[in-house]
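Below is one structure, written out as structure tokens, with a few remarks after it.
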Amino acid sequence: MMRQAGRYLAEYRAVRDKVDFLTLCRTPELAVEVTLQPVRLVGVDAAILFADILLPLDAMGAGLRFAQGDGPVFDRPVRSAPDVDGLREPEVERDLGYVYDAIRLARRELAALPPEQRVPLIGFGGTPWTLAAYLVEGGTSKSHGHLLSWSWQDPAGLARLLARLAGVSARYLAGQIAAGAQAIQLFDTWGGLLDARRFRELALPPVLRIVEALRAIDPRVPIIYYVNNGGHLLAELATLPVEVLSVDWRVPLDRVRAAVGPAKVLQGNLDPTALLASPARIEELTVELLEQGAGGGHVVNLGHGILPNTPPEHARAFIGAVRRHGARVVTGQAARV
Ligand code: CP3
């Protein structure tokens with residue numbers, strides 16, 4: 001699940017009552033404690049490193065804060081070619097070493113758990129386009145006026161920012177693999193803002209750069225690419241050289257399968273708000289999801305982040321339904337892909 005370590009868990013809120021979000025990310029012992037909470041409490045098949053996609057932007061000098069109730073804020077947004085030149089080139093081991101420490105510690109602690117909880121660890125980062133969506137706006141935005149205006153008025157300048165972000169992301173994620181991340185997920189939360197042609201021109205080239213760089217380091221580490229609101233981008237997604245395509249709930253998995261073919265594993269895509277339904281309804285919806293995903297490899301997941309008001313019991317109902325029905329629905333394949 002996305003944000004599987006998060007506010008819907010009382011045990012997470014108890015840690016957050018003591019420290020702010022960035023301190024939590026920067027303190028490996030605490031980051032690992034909350035990374036492992038969903039493994040123990042909900043029974044997921046993988047741990048997701050506790051961190052945030054925006055941390056490398058802070059290391060580039062943009063001044064990241066999480067304001068109470070407002071989400072992320074950048075003190076120094078980047079909106080022009082001179083702003084791009086003003087960004088620092090981070091030294092990932094020095095500036096983001098706390099993330100790598102958390103990965104090493106999480107791997108050690110996972111190895112010491114009982115066998116059924118000894119799950120793999122997933123590292124992650126944002127795609128350059130999605131990182132830019134926050135960095136250019138100076139935080140979360142609904143309309144993305146600064147970013148889209150820049151994209152029309154000076155596409156070459158924006159492409160330079162995206163290339164800088166691709167270079168930093170490639171080094172940052174290579175470091176995650178070196179520290180022990182066993183798969184890498186790239187989050188393209190705002191990729192769906194673009195029509196297919198602009199997605200191909202602006203958003204895809206920097207993603208390909210990252211994928212190529214990670215392949216050169218270790219071609220065995222699976223890459224999961226997530227796009228939100230990307231139902232109109234299926235032809236583009238089919239061309240991405242990644243093992244796993246993760247999509248939001250607005251596009252049915254059988255339609256994605258028809259567009260991308262049998263080779264790719266699909267990940268997703270229960271509507272996170274469906275976890276607010278009754279456990280019985282969650283079970284029915286999960287069986288439907290398993291059926292839609294049955295045409296090939298399927299990593300069951302939500303279509304976006306779990307909501308903070310989700311009862312943990314409902315998250316467990318979702319996972320329990322996969323355990324109970326996965327093997328039956330996906331005949332001939334293992335229930336736990
Ligand atoms: O369990 C996990 O999934 C691991 C950790 C994780 C977090 N953020 C922790 C977090 C992951 C994988 C992310 C990814 C992330 N961060 C994305 C991509 C996925 C998506 O949701 O679209 C994005 C866009 C961000 C940036 C970000 N971080 C925003 C916009 C916010 C504020 C919005 C919100 O939900 O409050 C965050 C904060 C954040 N990152 C929280 C968590 C658990 C909530 C913070 C808190 O505890 O107060």
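If you're wondering about the labels, chains in the structure tokens are A, B, ... by order shown, residues count from 1 in each chain, ligands from 1 in order shown.
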
Which residues of chain A sit at most 6 Å from ligand 1, using only C-alpha atoms and all ligand atoms? Give each one's shortest atom pair and distance in Å (one decimal place), in chain and ascending residue order, as a Markdown table.
| residue | atom | partner | partner_atom_place_in_ligand_line | distance |
| --- | --- | --- | --- | --- |
| A:Met2 | CA | ligand 1 | 3 (O) | 4.1 |
| A:Arg3 | CA | ligand 1 | 3 (O) | 3.0 |
| A:Gln4 | CA | ligand 1 | 1 (O) | 3.8 |
| A:Ala5 | CA | ligand 1 | 1 (O) | 3.8 |
| A:Gly6 | CA | ligand 1 | 43 (C) | 4.1 |
| A:Arg7 | CA | ligand 1 | 47 (O) | 5.9 |
| A:Phe21 | CA | ligand 1 | 47 (O) | 5.5 |
| A:Ile48 | CA | ligand 1 | 4 (C) | 5.1 |
| A:Leu49 | CA | ligand 1 | 4 (C) | 5.6 |
| A:Phe50 | CA | ligand 1 | 5 (C) | 4.3 |
| A:Ala51 | CA | ligand 1 | 5 (C) | 5.1 |
| A:Asp52 | CA | ligand 1 | 8 (N) | 4.4 |
| A:Ile53 | CA | ligand 1 | 16 (N) | 4.9 |
| A:Gly71 | CA | ligand 1 | 32 (C) | 4.0 |
| A:Pro72 | CA | ligand 1 | 32 (C) | 5.8 |
| A:Thr140 | CA | ligand 1 | 30 (C) | 5.9 |
| A:Phe187 | CA | ligand 1 | 18 (C) | 5.1 |
| A:Thr189 | CA | ligand 1 | 22 (O) | 4.5 |
| A:Gly305 | CA | ligand 1 | 21 (O) | 5.1 |

Polymer residues at most 9 Å from A:Trp190, only C-alpha atoms, same-chain spacing of 5 or more positions, as JSON, numbers by chain = {"A": [129, 130, 131, 133, 227, 228, 229, 230]}

Hey, can you spit out that residue selection with N, CA, C and O atoms as a compact mmCIF listing (two decimals), in the first residue's frame?
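As a result, selection-v2.txt now contains:
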# COMPACT_ATOMS: atom_id res chain seq x y z
N TRP A 129 9.44 15.07 -13.26
CA TRP A 129 8.26 15.91 -13.50
C TRP A 129 7.48 16.14 -12.21
O TRP A 129 7.06 17.26 -11.90
N THR A 130 7.31 15.07 -11.42
CA THR A 130 6.54 15.20 -10.18
C THR A 130 7.32 15.98 -9.13
O THR A 130 6.75 16.80 -8.39
N LEU A 131 8.63 15.79 -9.08
CA LEU A 131 9.44 16.61 -8.16
C LEU A 131 9.31 18.08 -8.54
O LEU A 131 9.14 18.96 -7.68
N ALA A 133 6.84 19.45 -9.96
CA ALA A 133 5.49 19.93 -9.65
C ALA A 133 5.45 20.55 -8.25
O ALA A 133 4.69 21.49 -8.00
N VAL A 227 2.00 5.94 -11.93
CA VAL A 227 1.47 7.21 -12.42
C VAL A 227 0.04 7.36 -11.95
O VAL A 227 -0.76 6.43 -11.99
N ASN A 228 -0.25 8.56 -11.46
CA ASN A 228 -1.58 8.89 -11.00
C ASN A 228 -2.33 9.59 -12.12
O ASN A 228 -1.75 10.43 -12.82
N ASN A 229 -3.60 9.24 -12.31
CA ASN A 229 -4.41 9.92 -13.31
C ASN A 229 -3.84 9.74 -14.72
O ASN A 229 -3.88 10.67 -15.53
N GLY A 230 -3.32 8.55 -15.01
CA GLY A 230 -2.61 8.34 -16.28
C GLY A 230 -3.35 7.42 -17.25
O GLY A 230 -2.72 6.84 -18.15

With only C-alpha atoms as the atoms that count, which of A:Glu201, A:Glu116, A:Asp254, A:Glu288 lies nearest to A:Val39?
->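 Under the stated criterion, the closest residue is A:Glu116.
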
Can you pull out every residue within 9 Å of A:Pro28, counting only C-alpha atoms, but drop anything in the same chain fewer than 5 positions away, and send it as a PyMOL selection string?
-> chain A and resi 33+98-103+105-106

Could you write out, as a PyMOL selection string, all the residues of stretch 21-269 of chain A that DSSP marks as alpha helix (DSSP H)?
-> chain A and resi 21-26+28-41+55-59+81-86+92-95+97-111+128-137+145-153+155-179+196-198+204-217+234-238+253-260
